[in-house]
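Taking it in order: structure first as structure tokens, then the write-up.
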Amino acid sequence: MSGLETIMLGAYFVANSFRFERPDFFNTVASHIDDPPFATIAIILGTITVIVAIYNIRPLVSWCYITLTFLWVVYALAFLIQNIELWGHPFARLDCWLMFAVAGRLIFDAWAGDTE
């Protein structure tokens with residue numbers, strides 16, 4: 001499921017590239033994560049995760065958790081920076097908190113492990 005969410009995130013940023021407004025700090029640090037090359041990386045990581053899940057490739061499961069959690073936290077932090085810079089507080093929009101929730105779920109899934 002996490003792989004499909006990541007594929008959808010990447011597809012959203014491919015379809016809606018350059019979504020972030022460009023404040024000063026954002027121009028230099030995180031303004032490129034909504035560009036198509038980075039969104040394509042998200043799609044590739046999501047596809048690899050789906051393949052690992054379908055074929056149950058055990059040695060790669062932990063690596064998929066690590067990379068997807070990192071990816072979702074980076075996107076969430078970028079949205080958090082945008083909220084703080086443009087609207088003055090982190091609770092301006094829901095999108096970054098939903099991304100933190102997905103990253104938290106990934107951490108919990110990695111911690112809980114398999115039921116097999």
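Just remember, in the structure tokens the first chain shown is A, the second B, etc., residues are 1-based per chain, and ligands are 1-based in the order shown.
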Open item on the list: Considering only helix (DSSP H, G or I) as DSSP defines it on the backbone, what residues of region 5-89 of chain A qualify? List them as a VMD selection string.
Closed with: chain A and resid 5 to 15 24 to 28 36 to 55 58 to 87
TODO: Would you kindly return, as a ChimeraX atom specification, each protein, DNA or RNA residue with an atom no farther than 10 Å from any atom of Val102 (chain A), considering only C-alpha atoms and excluding same-chain residues fewer than 2 positions away?
DONE: /A:2,5-6,68-69,72-73,76,96-100,104-108
Limited to N, CA and C atoms, could you put the picked residues into a file as a compact mmCIF listing (two decimals), in the first residue's frame?
# COMPACT_ATOMS: atom_id res chain seq x y z
N SER A 2 1.95 1.22 0.74
CA SER A 2 2.84 2.39 0.80
C SER A 2 3.49 2.67 -0.55
N GLU A 5 0.94 4.48 -2.60
CA GLU A 5 0.84 5.88 -2.17
C GLU A 5 2.00 6.70 -2.71
N THR A 6 3.18 6.12 -2.71
CA THR A 6 4.35 6.84 -3.21
C THR A 6 4.27 7.05 -4.71
N LEU A 68 11.29 4.83 1.78
CA LEU A 68 9.99 5.50 1.68
C LEU A 68 9.75 6.44 2.85
N THR A 69 10.18 6.04 4.04
CA THR A 69 10.03 6.95 5.19
C THR A 69 10.84 8.22 4.97
N TRP A 72 9.00 10.42 2.33
CA TRP A 72 7.80 11.07 2.84
C TRP A 72 8.14 12.16 3.86
N VAL A 73 9.17 11.94 4.67
CA VAL A 73 9.57 12.97 5.64
C VAL A 73 10.15 14.19 4.91
N ALA A 76 7.23 16.05 3.51
CA ALA A 76 6.48 16.69 4.59
C ALA A 76 7.22 17.91 5.13
N CYS A 96 0.97 18.83 4.69
CA CYS A 96 2.21 18.38 5.32
C CYS A 96 1.91 17.43 6.48
N TRP A 97 0.83 17.65 7.19
CA TRP A 97 0.50 16.76 8.32
C TRP A 97 0.05 15.40 7.82
N LEU A 98 -0.60 15.35 6.68
CA LEU A 98 -0.95 14.06 6.10
C LEU A 98 0.31 13.30 5.67
N MET A 99 1.30 14.01 5.17
CA MET A 99 2.56 13.36 4.79
C MET A 99 3.32 12.87 6.02
N PHE A 100 3.30 13.65 7.09
CA PHE A 100 3.89 13.18 8.34
C PHE A 100 3.15 11.95 8.87
N GLY A 104 4.78 8.44 9.65
CA GLY A 104 4.60 7.79 10.94
C GLY A 104 4.04 6.38 10.81
N ARG A 105 3.11 6.19 9.88
CA ARG A 105 2.58 4.86 9.64
C ARG A 105 3.65 3.93 9.12
N LEU A 106 4.52 4.42 8.25
CA LEU A 106 5.62 3.61 7.74
C LEU A 106 6.57 3.21 8.87
N ILE A 107 6.86 4.14 9.76
CA ILE A 107 7.72 3.82 10.90
C ILE A 107 7.06 2.78 11.78
N PHE A 108 5.76 2.93 12.02
CA PHE A 108 5.05 1.95 12.83
C PHE A 108 5.02 0.58 12.16
Task: region 54-66 of chain A environment, 9 Å, only C-alpha atoms, sequence neighbours closer than 4 positions dropped, as a PyMOL selection string - done: chain A and resi 2-3+45-46+48-50+70-71+106-107+109-110
Write out, as a tab-separated table (two decimals), in the first residue's frame, the residues just selected, with C-alpha atoms.
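In the end it all went to out.tsv:
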chain	number	residue	atom	x	y	z
A	2	SER	CA	2.84	2.39	0.80
A	3	GLY	CA	4.37	1.79	-2.62
A	45	LEU	CA	10.89	3.93	-5.44
A	46	GLY	CA	7.17	3.21	-5.17
A	48	ILE	CA	10.30	-1.06	-6.47
A	49	THR	CA	8.39	-1.27	-3.19
A	50	VAL	CA	5.34	-2.75	-4.91
A	70	PHE	CA	12.90	9.25	4.20
A	71	LEU	CA	11.07	10.31	1.04
A	106	LEU	CA	5.62	3.61	7.74
A	107	ILE	CA	7.72	3.82	10.90
A	109	ASP	CA	4.78	-0.73	10.12
A	110	ALA	CA	8.54	-1.18	10.13
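Proximity of A:Ala101, A:Met1, A:Ile81, A:Ala39 to Ala15 (chain A), computed with only C-alpha atoms, is greatest for A:Ala39.
Between CA of Ala11 (chain A) and CA of Ala42 (chain A) the separation is 8.5 Å.
The interatomic distance for the pair CA of Ile43 (chain A) and CA of Gly10 (chain A) works out to 5.0 Å.
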TODO: Measure the distance from CA of Gly113 (chain A) to CA of Tyr12 (chain A) in Å and round it to one decimal.
DONE: 29.2 Å
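Between Ala78 (chain A) and the residues A:Leu9, A:Ile41, A:Ile33, A:Leu4, the shortest atom-to-atom distance, using only C-alpha atoms, involves A:Ile33.
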